[in-house]
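A.B. asks: Quick one: this structure, given as structure tokens, is what I'll be asking you about.
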Amino acid sequence: MSKTSSVQYRHLKTENLGTKSDLKSLIVEALLRSQADGRSLSQSAKLRKIDLDQDGSVVILNKISDPSSWVGPVFAGQLIQLELGTLLPAVTQSLDDDTDEFLLENLQLGEQTQILKGAMYFAIVGNHVALIEGQSVKSRTLERYLTRILQDAARLEAGTPVILTAKFASGDGKALEAPTEVTVRAAPVKASSQDGAQGIHEIVEREAARAKEAGHTVFDVLATLGWDRTAIERLKKDIPSGGWIEGFFKVVIKANRAKRPISRATIEEALRNIDPADLGLRGEGSEKNGIVKLSTPRSVKTKGQLLDPTDAMLQIVEALKEWASSGKIDCKFG
Amino acid sequence: MGVIWEDRLQIWLRSWPVFCLAGSLVSLLPSGILAGDIGRIVTTFLGLLAASILPTISLIVGSMSATGRSVKGINELHDEFVHLVGELFSVLGWTMVAIVGLAVASADINYQFGTYEPFGILFDFSSLPDVLKGAGQFAVGYASAAALAQFSLVPKSILKALELRHHIAVDEARRKISENVPSADGIQKIFGAKQGFGEVKPVSIVEKL
């Protein structure tokens with residue numbers, strides 16, 4: 001079995017770290033550094049466990065490439081997020097049962113079992129990073145995890161985060177000109193359904209989407225802009241059944257009444273974790289032919305629900321090689 | 001349409017009637033005009049033109065490389081280069097003709113030619129110096145026009161050499177990347193799945209709360 005996954009490109013922002021900083025070397029140094037007990041992070045996955053969100057979940061750099069290969073150009077890793085002591089909500093009866101409603105239950109896993117919230121695979125060559133994001137383990141998680149281990153190993157000053165910028169290009173593959181206008185779409189909100197005929201899948205999907213979009217919806221943006229609750233509620237009521245509300249936030253820089261370009265570095269950092277479909281960039285008076293983040297779809301072998309680590313890494317390294325060979329990224333592999 | 005007319009114009013500008021016209025116009029100039037400052041300017045110009053030819057040829061020859069090319073590609077490149085080098089040498093040849101013409105046109109011929117009558121046939125050589133100067137001026141005009149018409153090959157050749165070098169450099173960089181990237185076996189070795197990865201465990205470990 002295989003699954004199509006998107007291999008995404010990221011690059012370390014070196015502005016605050018010095019131009020000679022090399023992410024791969026920094027990570028290797030941090031992993032090889034001896035802890036108080038004389039052991040290094042590279043020796044035990046237990047030592048690489050970090051409670052990043054402080055919400056009962058842990059992030060672990062679970063699998064790392066063999067330390068003997070670290071002198072080579074590639075460092076490879078698997079970052080996982082586990083939910084500790086989880087109750088797993090589920091329906092335990094057959095969906096073909098004739099029942100007025102399916103019973104939602106909590107399942108208790110064995111004491112030593114934790115639920116995998118997501119797994120991410122990444123490869124680092126110099127300051128270039130290619131990754132396959134997991135369900136809840138996104139590029140942002142990797143940034144925060146790396147910041148933490150590098151700061152703990154005194155390889156990074158406190159207050160200097162690791163920022164992995166994305167690379168944007170126009171739809172036709174050409175480099176992006178510095179745009180003069182950026183439009184970001186807030187997550188649209190659908191009118192709440194009045195009829196009760198919702199399938200269990202629909203409910204679960206909606207809940208998952210809601211969790212992902214929390215804080216990013218049109219109403220959240222309006223609240224941030226100072227709309228009071230009553231006004232927002234009234235606006236909500238105006239959405240007809242089956243309709244939805246969309247919102248776009250436009251950013252321009254002006255001086256002497258003329259629009260000024262926004263630098264590409266700013267765009268690549270600020271919008272790195274935003275879906276290109278939610279973005280609009282306008283430059284030199286003409287609408288760009290769509291925006292794409294540098295990424296490539298790859299077919300990765302799976303084992304059940306999990307991506308095969310070796311094949312995932314092979315696809316990531318191949319994608320990096322493809323980008324380097326076609327001149328899309330400034331990477332020499334050594 | 002525009003491109004076709006542009007091509008036709010270029011072919012016409014490089015044709016011998018145009019060179020003849022240039023030669024005729026120069027030969028119509030007052031005799032001995034090329035002996036003065038104008039002659040010196042023309043000499044300097046032709047010298048510079050000739051000086052650029054040989055380095056360009058050596059640049060082209062040096063660009064001949066097998067990197068990233070098939071045998072067929074190399075043969076085609078060779079044919080193209082032979083043609084290009086031939087054209088460049090013809091520019092050099094025309095420059096030399098122009099220099100010889102210039103020497104003749106600017107020569108101070110003091111000998112007084114007269115009329116001769118061998119075997120009862122009258123030969124009048126009294127206007128021979130003027131004819132020679134006129135022919136020299138014609139040669140300067142014709143050969144300079146021919147050399148100038150072909151001179152665009154020099155920048156074209158340099159650009160071609162640059163393009164080839166770029167191709168070679170990119171190919172070398174790609175080869176280096178391919179050499180440095182770990183192979184599938186290498187990745188299997190350094191990032192192989194742990195035994196038991198993805199194993200399906202029975203649901204009996206799950207208990208209802």
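For the structure tokens, the naming scheme is as follows: chains receive sequential letters (A, B, ...) according to their order of presentation, residues are indexed from 1 within each chain, and ligands are indexed from 1 in presentation order.
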Counting only C-alpha atoms, which residues of chain A sit at most 6 Å from some atom of chain B, and what is each one's closest atom pair with its distance in Å to one decimal, listed by chain and rising residue number, as a tab-separated table?
C.D. replies:
```
residue	atom	partner	partner_atom	distance
A:Ser65	CA	B:Phe191	CA	5.0
A:Asp66	CA	B:Ile190	CA	4.8
A:Leu107	CA	B:Lys208	CA	4.7
A:Gln108	CA	B:Leu209	CA	5.4
A:Leu109	CA	B:Val206	CA	4.9
A:Gly110	CA	B:Ile205	CA	5.9
A:Lys303	CA	B:Gly198	CA	5.5
A:Pro309	CA	B:Ala193	CA	5.9
A:Thr310	CA	B:Gly192	CA	5.3
A:Ser325	CA	B:Arg174	CA	5.4
A:Lys332	CA	B:Ile177	CA	5.9
A:Phe333	CA	B:Ile177	CA	5.8
```
A.B. asks: B:Ala161: which residues within 9 Å, counting only C-alpha atoms, same-chain residues fewer than 2 positions away excluded, as a list in words?
C.D. replies: Leu59, Ile60, Val61, Gly62, Ser63, Met64, Lys156, Ser157, Ile158, Leu159, Glu163, Leu164, Arg165 and His166 of chain B
A.B. asks: Selected residues, C-alpha atoms, written as an mmCIF file, in the first residue's frame, please.
C.D. replies:
```cif
data_model
loop_
_atom_site.group_PDB
_atom_site.id
_atom_site.type_symbol
_atom_site.label_atom_id
_atom_site.label_comp_id
_atom_site.auth_asym_id
_atom_site.auth_seq_id
_atom_site.Cartn_x
_atom_site.Cartn_y
_atom_site.Cartn_z
ATOM 1 C CA LEU B 59 37.504 30.036 -26.761
ATOM 2 C CA ILE B 60 35.265 28.014 -29.069
ATOM 3 C CA VAL B 61 37.782 25.204 -29.447
ATOM 4 C CA GLY B 62 38.240 25.115 -25.652
ATOM 5 C CA SER B 63 34.479 24.711 -25.160
ATOM 6 C CA MET B 64 34.471 21.363 -26.922
ATOM 7 C CA LYS B 156 27.505 35.150 -31.041
ATOM 8 C CA SER B 157 30.425 32.729 -30.625
ATOM 9 C CA ILE B 158 31.297 34.124 -27.202
ATOM 10 C CA LEU B 159 27.681 33.717 -26.099
ATOM 11 C CA GLU B 163 26.167 28.755 -22.897
ATOM 12 C CA LEU B 164 28.250 25.587 -23.338
ATOM 13 C CA ARG B 165 30.357 26.314 -20.278
ATOM 14 C CA HIS B 166 27.163 26.934 -18.303
#
```
A.B. asks: Run DSSP on the backbone and tell me which residues of stretch 52-157 of chain B come out as strand (DSSP E or B); list them as a list in words.
C.D. replies: Thr115, Tyr116, Phe123 and Asp124 of chain B
A.B. asks: Residues of stretch 10-249 of chain A in helix (DSSP H, G or I) according to DSSP, as a ChimeraX atom specification?
C.D. replies: /A:23-32,41-43,45-48,67-69,139-152,200-213,218-224,229-237
A.B. asks: Please identify all polymer residues within 9 Å of A:Gly243, counting only C-alpha atoms, omitting same-chain residues fewer than 2 positions from it, and present them as a list in words.
C.D. replies: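 Here the answer would be Val189, Lys190, Ala191, Ile239, Pro240, Ser241 and Ile245 of chain A.
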A.B. asks: How about saving the chosen residues, C-alpha atoms kept, as an mmCIF file, in the first residue's frame?
C.D. replies:
```cif
data_model
loop_
_atom_site.group_PDB
_atom_site.id
_atom_site.type_symbol
_atom_site.label_atom_id
_atom_site.label_comp_id
_atom_site.auth_asym_id
_atom_site.auth_seq_id
_atom_site.Cartn_x
_atom_site.Cartn_y
_atom_site.Cartn_z
ATOM 1 C CA VAL A 189 -17.491 29.628 8.939
ATOM 2 C CA LYS A 190 -20.543 27.677 7.809
ATOM 3 C CA ALA A 191 -23.970 28.457 9.160
ATOM 4 C CA ILE A 239 -25.818 33.837 7.479
ATOM 5 C CA PRO A 240 -28.625 31.911 5.779
ATOM 6 C CA SER A 241 -28.933 28.167 6.327
ATOM 7 C CA ILE A 245 -19.106 33.690 5.792
#
```
A.B. asks: Within 12 Å of stretch 114-116 of chain A, counting only C-alpha atoms, which residues qualify if same-chain residues fewer than 4 places away don't, as a PyMOL selection string?
C.D. replies: (chain A and resi 56-60+62+79-89+107-110+120+134-137+305-306) or (chain B and resi 206)
A.B. asks: Compile the contact shell of stretch 23-38 of chain A as a count of residues only: residues with an atom at most 7 Å away, counting only C-alpha atoms, same-chain residues fewer than 6 positions apart removed.
C.D. replies: 9
